[in-house]
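Remarks on the structure that follows.
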Protein chains: 4
Amino acid sequence: MGNTFGTLFRITTWGESHGGGVGVVIDGCPPGLEIDESILQRELDRRRPGQSDIVTPRKESDRCRILSGVFRGRTLGTPISVLVPNEDQRPEAYAEMEQAFRPSHADYTYQAKFGLRNWEGGGRSSARETIGRVAGGAVAQVALKQLFPAFEVVAYVRRIHDLEAEIDPALVQAAAVEANAVRCPDAAMAARMIERIKAVRSEGDSVGGMIECVLRGLPAGLGAPVFDRFEADLAKAMLSLPATKGFEFGSGFAGTYQRGSEHNDAFELREGRIRTSSNRSGGVQGGITNGEDIVFRVAFKPTATIAQAQRTVLADGSAETELRARGRHDPCVLPRAVPMVEAMAALVALDHALRQRGQCG
Amino acid sequence: MGNTFGTLFRITTWGESHGGGVGVVIDGCPPGLEIDESILQRELDRRRPGQSDIVTPRKESDRCRILSGVFRGRTLGTPISVLVPNEDQRPEAYAEMEQAFRPSHADYTYQAKFGLRNWEGGGRSSARETIGRVAGGAVAQVALKQLFPAFEVVAYVRRIHDLEAEIDPALVQAAAVEANAVRCPDAAMAARMIERIKAVRSEGDSVGGMIECVLRGLPAGLGAPVFDRFEADLAKAMLSLPATKGFEFGSGFAGTYQRGSEHNDAFELREGRIRTSSNRSGGVQGGITNGEDIVFRVAFKPTATIAQAQRTVLADGSAETELRARGRHDPCVLPRAVPMVEAMAALVALDHALRQRGQCG
Amino acid sequence: MGNTFGTLFRITTWGESHGGGVGVVIDGCPPGLEIDESILQRELDRRRPGQSDIVTPRKESDRCRILSGVFRGRTLGTPISVLVPNEDQRPEAYAEMEQAFRPSHADYTYQAKFGLRNWEGGGRSSARETIGRVAGGAVAQVALKQLFPAFEVVAYVRRIHDLEAEIDPALVQAAAVEANAVRCPDAAMAARMIERIKAVRSEGDSVGGMIECVLRGLPAGLGAPVFDRFEADLAKAMLSLPATKGFEFGSGFAGTYQRGSEHNDAFELREGRIRTSSNRSGGVQGGITNGEDIVFRVAFKPTATIAQAQRTVLADGSAETELRARGRHDPCVLPRAVPMVEAMAALVALDHALRQRGQCG
Amino acid sequence: MGNTFGTLFRITTWGESHGGGVGVVIDGCPPGLEIDESILQRELDRRRPGQSDIVTPRKESDRCRILSGVFRGRTLGTPISVLVPNEDQRPEAYAEMEQAFRPSHADYTYQAKFGLRNWEGGGRSSARETIGRVAGGAVAQVALKQLFPAFEVVAYVRRIHDLEAEIDPALVQAAAVEANAVRCPDAAMAARMIERIKAVRSEGDSVGGMIECVLRGLPAGLGAPVFDRFEADLAKAMLSLPATKGFEFGSGFAGTYQRGSEHNDAFELREGRIRTSSNRSGGVQGGITNGEDIVFRVAFKPTATIAQAQRTVLADGSAETELRARGRHDPCVLPRAVPMVEAMAALVALDHALRQRGQCG
């Protein structure tokens with residue numbers, strides 16, 4: 001339970017940071033899509049450690065293998081199994097984790113839930129788990145582009161710590177996001193963000209921030225009126241990512257300071273189509289897409305693993321102690337989280353697209 | 001699809017604001033719980049129209065009937081069907097809705113999705129749909145109190161428009177919440193909020209705000225490491241409520257302005273138990289509860305229905321037009337949304353409690 | 001849990017024989033279908049007590065009300081809630097059931113599972129539960145006929161006790177089934193079956209038999225390769241009906257006495273289409289329909305409730321005792337089970353049709 | 001969709017006979033179970049090709065690797081990923097399958113559903129898919145034995161073609177089943193069955209038969225009243241196995257020739273416990289186990305792949321043709337299907353045991 005996401009298009013991820021590897025089974029994929037490992041690898045490379053000098057230097061090449069579900073370059077409609085072996089395991093770096101719970105990690109709660117835990121790493125809470133999501137999201141994006149040629153998902157770092165870029169979601173381009181290591185399309189602010197991340201790291205500390213994401217080219221009609229609202233499934237998808245603390249779409253929390261007369265999106269006719277003149281709805285009304293850009297934001301906390309000594313307790317609950325991380329960690333998770341956000345957004349969008357086709361034709 | 005929530009304890013809601021009524025089927029309920037209609041009615045009365053002078057004056061008594069699943073005052077473990085008939089239907093008030101799409105409502109997206117819609121009211125987007133959730137949540141609360149005697153869920157209005165109360169979630173009491181019509185436990189601020197809502201209504205306008213909620217008395221170990229994280233399911237639950245725009249838990253968006261060394265919750269031993277000395281984690285770490293209070297916040301937009309003329313388009317897409325609401329509406333949804341937030345939180349908590357018992361004993 | 005059936009088109013049934021009524025919530029229905037209560041009622045009337053002199057004389061009119069999901073005669077795509085109130089409740093007839101467990105009923109197992117039971121009737125094991133299925137199946141049939149104009153489902157009694165009719169599933173017509181009270185399209189054998197049922201009833205006893213069902217007009221391609229095979233979902237659907245003991249499709253158990261060379265269905269070209277020259281596959285190969293008639297059979301045991309004294313034990317487990325049924329019961333469940341089999345088959349077919357459209361377009 | 005089985009304890013299988021391998025992700029496993037590869041391998045060896053002279057001589061060692069979810073010999077409660085690489089692939093043996101549809105195989109229906117197929121083998125219909133089920137079932141059996149120390153599942157070949165053994169399910173022992181290659185605990189009849197299989201194979205033909213299975217040591221109370229009846233889930237589980245044509249439990253089809261007075265299982269007190277004096281109910285009443293042995297039977301058709309020429313059509317539908325199998329196949333699937341039946345039965349039992357614990361404690 002709990003390792004599968006989606007209704008018609010669904011992924012099941014597995015694997016810990018320490019063990020034979022991590023992977024995903026992608027089920028319900030439309031048949032006939034052109035897929036190969038390079039398409040997945042491109043996204044996995046955006047997520048992998050060691051890609052720049054502001055992320056963890058763990059040496060994981062994260063090379064994926066497709067074991068099933070693809071035949072001569074095309075999806076069969078059967079489960080696509082993707083495997084990424086683990087490479088850079090250093091269990092000795094985690095020896096202290098057997099003895100004490102890392103603050104603001106999942107060590108204690110895993111122990112409380114399961115009665116045991118894989119203390120040679122972060123277990124299922126390791127960011128490695130997200131490899132399966134990114135692989136699944138890459139497949140979902142191919143399917144979405146076939147269904148909706150104008151489809152595009154672009155996430156980007158909007159804020160690191162208190163450094164916030166001014167970005168118009170309607171205009172942002174993927175190339176600008178990939179142009180720098182922090183994945184902020186505002187080049188000047190990106191440079192300051194990179195500087196901040198490095199400074200914080202040198203102090204043995206960490207920072208968080210906010211990622212914004214826009215989905216373009218989806219038709220009106222995806223989603224459902226009640227529990228499976230498009231934005232509700234996005235919220236679950238995003239809050240299921242490690243280190244997330246919040247989600248908002250459209251006008252979000254800020255919009256709640258407006259009056260209804262200011263906040264409502266007037267309908268208008270534009271080029272013969274029904275459009276809204278503003279987009280405080282964030283592309284979703286009553287749980288269903290309205291054809292406008294879907295815009296949302298996700299809060300990521302500062303990395304819990306820091307190089308400073310921290311107060312904690314021994315795993316047997318016998319005494320308090322201090323712990324100082326020795327593993328190689330990200331001083332800021334956001335640059336690598338950008339492809340994760342895009343992947344989860346694509347999974348939600350494709351699942352709802354298939355569900356819509358199933359129910360309404 | 002999309003009208004069922006939960007895995008082991010699950011509710012299926014049905015009904016529109018116009019039609020025979022609304023209701024819920026509650027499945028997977030633990031047997032032997034003491035339940036009767038008065039327990040459900042108490043929560044439904046907190047949600048119903050006409051309960052105070054700052055909510056819609058629609059005349060719905062919202063009397064519930066339990067049709068199955070309860071025998072001589074105890075749950076059978078079989079589906080509990082709850083019915084609330086519709087009473088105050090005035091389809092004539094909605095005649096214009098056949099002709100034009102209300103801005104920032106679901107009229108247009110329903111039409112886009114389904115090709116038709118029940119224009120005699122808000123359809124499934126009506127707040128009446130939440131009756132089933134509140135009834136289901138009332139049952140869930142009884143089950144949770146049996147499992148965890150210290151269990152308690154308390155939601156309250158923290159902010160209306162820009163009027164924000166200072167409230168300590170660790171101390172807030174349900175009685176203080178119910179002491180005023182706006183459901184803000186800070187009496188002085190509550191008075192100002194009520195004033196603001198009345199003022200805005202008199203101008204034919206509306207306001208939104210923020211609800212905070214705390215779950216107390218839940219043990220460590222509820223939730224799951226990956227997709228079905230406790231906070232991810234809370235996020236989905238909250239974003240599935242009408243008029244919501246955002247969700248955050250623990251330190252939320254504000255916490256992303258902190259460094260890791262400031263943000264981490266140190267573990268300590270308190271009265272022989274492992275506790276955190278702060279609660280920026282909001283009671284959840286790695287998707288699993290840690291035994292601290294679970295604290296989260298939900299953003300609600302200003303009511304879309306306002307008494308001012310608004311620009312929109314005709315439903316046949318032939319021309320632009322103006323629309324002025326004639327229905328009786330809430331100038332601010334938050335006071336009635338408080339029991340909805342509590343209900344959804346209780347549904348998530350009970351489902352995870354049963355799942356935990358199922359997998360881990 | 002356990003009261004919902006289906007993935008995209010799904011029904012949730014509720015209600016006991018004693019209580020406010022029984023009903024169903026039908027979710028995921030394609031929008032725009034022409035549905036009214038008379039369409040449901042026609043099927044419910046084939047299922048209801050008192051329809052002939054070989055079924056239980058319980059006086060239930062089983063009038064259904066559609067409470068939601070239909071607007072001006074067309075489905076909205078939102079949940080359709082159907083309610084059938086209970087009428088003929090005689091709890092006194094069941095007083096002994098509080099004291100002792102009826103043999104081969106669910107009294108004992110309900111008590112073992114839930115720790116309590118509604119002893120004023122059969123609880124969820126009552127045949128009244130199937131009202132919701134029949135109503136749901138009626139809606140599914142409308143949807144299937146819209147998708148596949150040649151669609152037709154015809155079930156019929158093939159055998160009562162040891163009286164077996166010779167019927168060609170490829171030729172049987174619904175009208176012939178409805179031409180007699182036992183729902184066997186072989187009129188001569190039907191007369192003998194009716195005689196047998198009456199004779200057995202006069203002896204305070206009961207009989208079972210076998211129902212056969214054919215689905216026509218479904219395209220090739222419905223179903224799935226592994227767990228959700230079309231025939232696997234049919235098997236679950238049928239074994240979920242009360243009093244069933246077995247399921248087989250195509251050549252069934254008898255086919256296992258053949259050799260592969262005798263059993264295989266050769267492919268041939270007929271009128272330009274790929275067809276099989278025989279149909280031992282029963283219309284399903286590898287879990288997926290092949291466009292031929294889908295044929296299956298279901299075993300129903302003799303009614304457990306009989307008017308003879310039977311050995312049993314007291315509900316408190318303190319002693320053995322004897323029990324003689326006083327309720328009004330069916331001496332043979334098959335005539336009323338025919339519409340239930342059709343309903344469940346239609347539910348499976350529609351769900352797979354929508355899933356196929358969702359995944360493969 | 002369709003490659004996942006179970007609610008709380010669930011397996012997702014993947015892989016084709018040709019490609020990188022096959023495998024399974026086992027989710028929802030209780031934590032702390034002692035599991036290693038040898039426990040899985042023991043069951044996989046009972047399923048693998050080449051184990052005796054009456055099964056296919058394909059050279060697959062079927063060595064499994066556990067990639068995740070187990071730490072130092074104990075289950076973590078996280079997903080257990082199991083991989084079995086493919087070894088003996090001879091795509092040239094399948095070249096003709098690109099050109100023509102094999103009779104009574106899934107070639108045609110896959111093409112109809114997905115628009116393409118992996119013609120280098122049986123795709124997902126290959127018996128190799130069942131490796132994942134057997135691995136999952138092995139884990140389930142360990143969990144069941146921990147929950148219910150007396151738990152035991154024993155399946156065996158009861159009939160090959162028309163050679164039926166007389167076996168008392170209450171007495172049959174696993175050792176007797178494993179004592180011969182055909183897995184029939186009646187040694188004399190087993191010898192005749194083996195002879196029959198060899199004779200049929202020498203004629204280029206195949207045979208089917210019937211497997212019986214008994215589950216012992218399960219408590220009363222597992223299952224659910226309506227759709228998720230224990231026997232309904234068993235039926236789905238069994239009909240999801242390749243080559244199955246039917247399922248019956250307890251008295252099955254034969255029991256429908258009895259009268260109610262003959263068929264009912266009287267309750268009695270035995271050693272202070274409530275028991276039935278006969279077991280025509282097959283251990284399940286009203287969908288819920290009653291504590292007696294659970295007994296069911298599954299029909300398997302004769303292997304579709306035979307060495308004789310058969311009539312079929314070209315895959316492009318242009319003409320009729322003849323096809324003669326060149327692959328290495330089983331003349332009778334039943335000996336290797338025995339562990340599959342046990343595995344699926346264990347999956348159903350464990351899932352219901354966890355669900356029961358979740359809902360009812």
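Each chain in the structure tokens gets a letter, A, B, ..., in the order shown, and its residues are numbered from 1; ligands are numbered from 1 in order too.
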Running DSSP on the backbone, which parts of range 82-163 of chain B land in strand (DSSP E), as a list in words?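 DSSP on the backbone gives strand (DSSP E) at Val82, Leu83, Val84, Pro85, Glu152, Val153, Val154, Ala155, Tyr156, Val157, Arg158, Arg159, Ile160 and Leu163 of chain B.
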I'd like the contact shell of Phe247 in chain A - 12 Å cut-off, only C-alpha atoms, skipping same-chain residues fewer than 3 positions apart - returned as a ChimeraX atom specification. /A:210-213,231-241,244,250-253,295-300,341 /B:231-232,234-236,238-239,244-249,252-253,296-299
Name the residues in contact with Val55 in chain C at a cut-off of 8 Å, using only C-alpha atoms, excluding same-chain residues fewer than 6 positions from it; report them as a PyMOL selection string. chain C and resi 49+329-333+335-336
Distance limit 8 Å, atoms considered: only C-alpha atoms. Which chain B residues sit that close to chain D? Return them as an mmCIF file with N, CA and C atoms, in the first residue's frame.
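New file selection-v3.cif:
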data_model
loop_
_atom_site.group_PDB
_atom_site.id
_atom_site.type_symbol
_atom_site.label_atom_id
_atom_site.label_comp_id
_atom_site.auth_asym_id
_atom_site.auth_seq_id
_atom_site.Cartn_x
_atom_site.Cartn_y
_atom_site.Cartn_z
ATOM 1 N N LEU B 8 -9.497 2.029 3.386
ATOM 2 C CA LEU B 8 -10.203 1.043 4.217
ATOM 3 C C LEU B 8 -11.487 1.648 4.776
ATOM 4 N N PHE B 9 -11.396 2.834 5.307
ATOM 5 C CA PHE B 9 -12.597 3.564 5.728
ATOM 6 C C PHE B 9 -12.880 4.540 4.602
ATOM 7 N N GLY B 28 -16.662 0.332 5.390
ATOM 8 C CA GLY B 28 -15.452 -0.061 6.109
ATOM 9 C C GLY B 28 -15.421 0.391 7.550
ATOM 10 N N CYS B 29 -16.571 0.774 8.066
ATOM 11 C CA CYS B 29 -16.613 1.273 9.444
ATOM 12 C C CYS B 29 -16.368 0.132 10.434
ATOM 13 N N PRO B 30 -15.527 0.360 11.425
ATOM 14 C CA PRO B 30 -15.374 -0.648 12.478
ATOM 15 C C PRO B 30 -16.737 -0.969 13.100
ATOM 16 N N PRO B 31 -16.983 -2.217 13.397
ATOM 17 C CA PRO B 31 -18.277 -2.605 13.990
ATOM 18 C C PRO B 31 -18.340 -2.261 15.474
ATOM 19 N N LEU B 354 -6.615 2.593 10.435
ATOM 20 C CA LEU B 354 -7.029 1.222 10.097
ATOM 21 C C LEU B 354 -5.992 0.557 9.198
ATOM 22 N N ARG B 355 -5.434 1.314 8.276
ATOM 23 C CA ARG B 355 -4.400 0.743 7.403
ATOM 24 C C ARG B 355 -3.168 0.336 8.213
ATOM 25 N N GLN B 356 -2.820 1.140 9.177
ATOM 26 C CA GLN B 356 -1.671 0.812 10.029
ATOM 27 C C GLN B 356 -1.954 -0.470 10.806
ATOM 28 N N ARG B 357 -3.153 -0.576 11.360
ATOM 29 C CA ARG B 357 -3.507 -1.786 12.101
ATOM 30 C C ARG B 357 -3.503 -2.989 11.171
ATOM 31 N N GLY B 358 -3.974 -2.780 9.936
ATOM 32 C CA GLY B 358 -4.002 -3.884 8.986
ATOM 33 C C GLY B 358 -2.609 -4.379 8.640
ATOM 34 N N GLN B 359 -1.716 -3.473 8.292
ATOM 35 C CA GLN B 359 -0.395 -3.924 7.858
ATOM 36 C C GLN B 359 0.517 -4.322 9.009
ATOM 37 N N CYS B 360 0.497 -3.512 10.071
ATOM 38 C CA CYS B 360 1.510 -3.684 11.114
ATOM 39 C C CYS B 360 0.945 -4.215 12.430
ATOM 40 N N GLY B 361 -0.347 -4.379 12.517
ATOM 41 C CA GLY B 361 -0.939 -5.016 13.713
ATOM 42 C C GLY B 361 -1.101 -4.050 14.856
#
Output as number ranges by chain all residues of range 299-357 of chain C that backbone DSSP marks as helix (DSSP H, G or I). C: 334-357
Give me, as a PyMOL selection string, all polymer residues having an atom no more than 7 Å from Arg183 in chain B, counting only C-alpha atoms and skipping those fewer than 2 positions away in the same chain. chain B and resi 156-157+177-178+180-181+185+335
As an exercise, work out the distance from CA of Ile35 in chain D to CA of Ala140 in chain D in Å and give it to one decimal place.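 According to the coordinates, CA of Ile35 in chain D and CA of Ala140 in chain D are separated by 10.4 Å.
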For Arg124 in chain B, please output as a count of residues only all residues within 10 Å (counting only C-alpha atoms; exclusion window: fewer than 2 positions along the same chain). 29
Can you tell me, as a PyMOL selection string, what residues are no more than 12 Å from Gly204 in chain C when counting only C-alpha atoms, ignoring any on the same chain fewer than 3 positions away? (chain C and resi 197-201+207+303-310+324-326+328-332) or (chain D and resi 259-261)
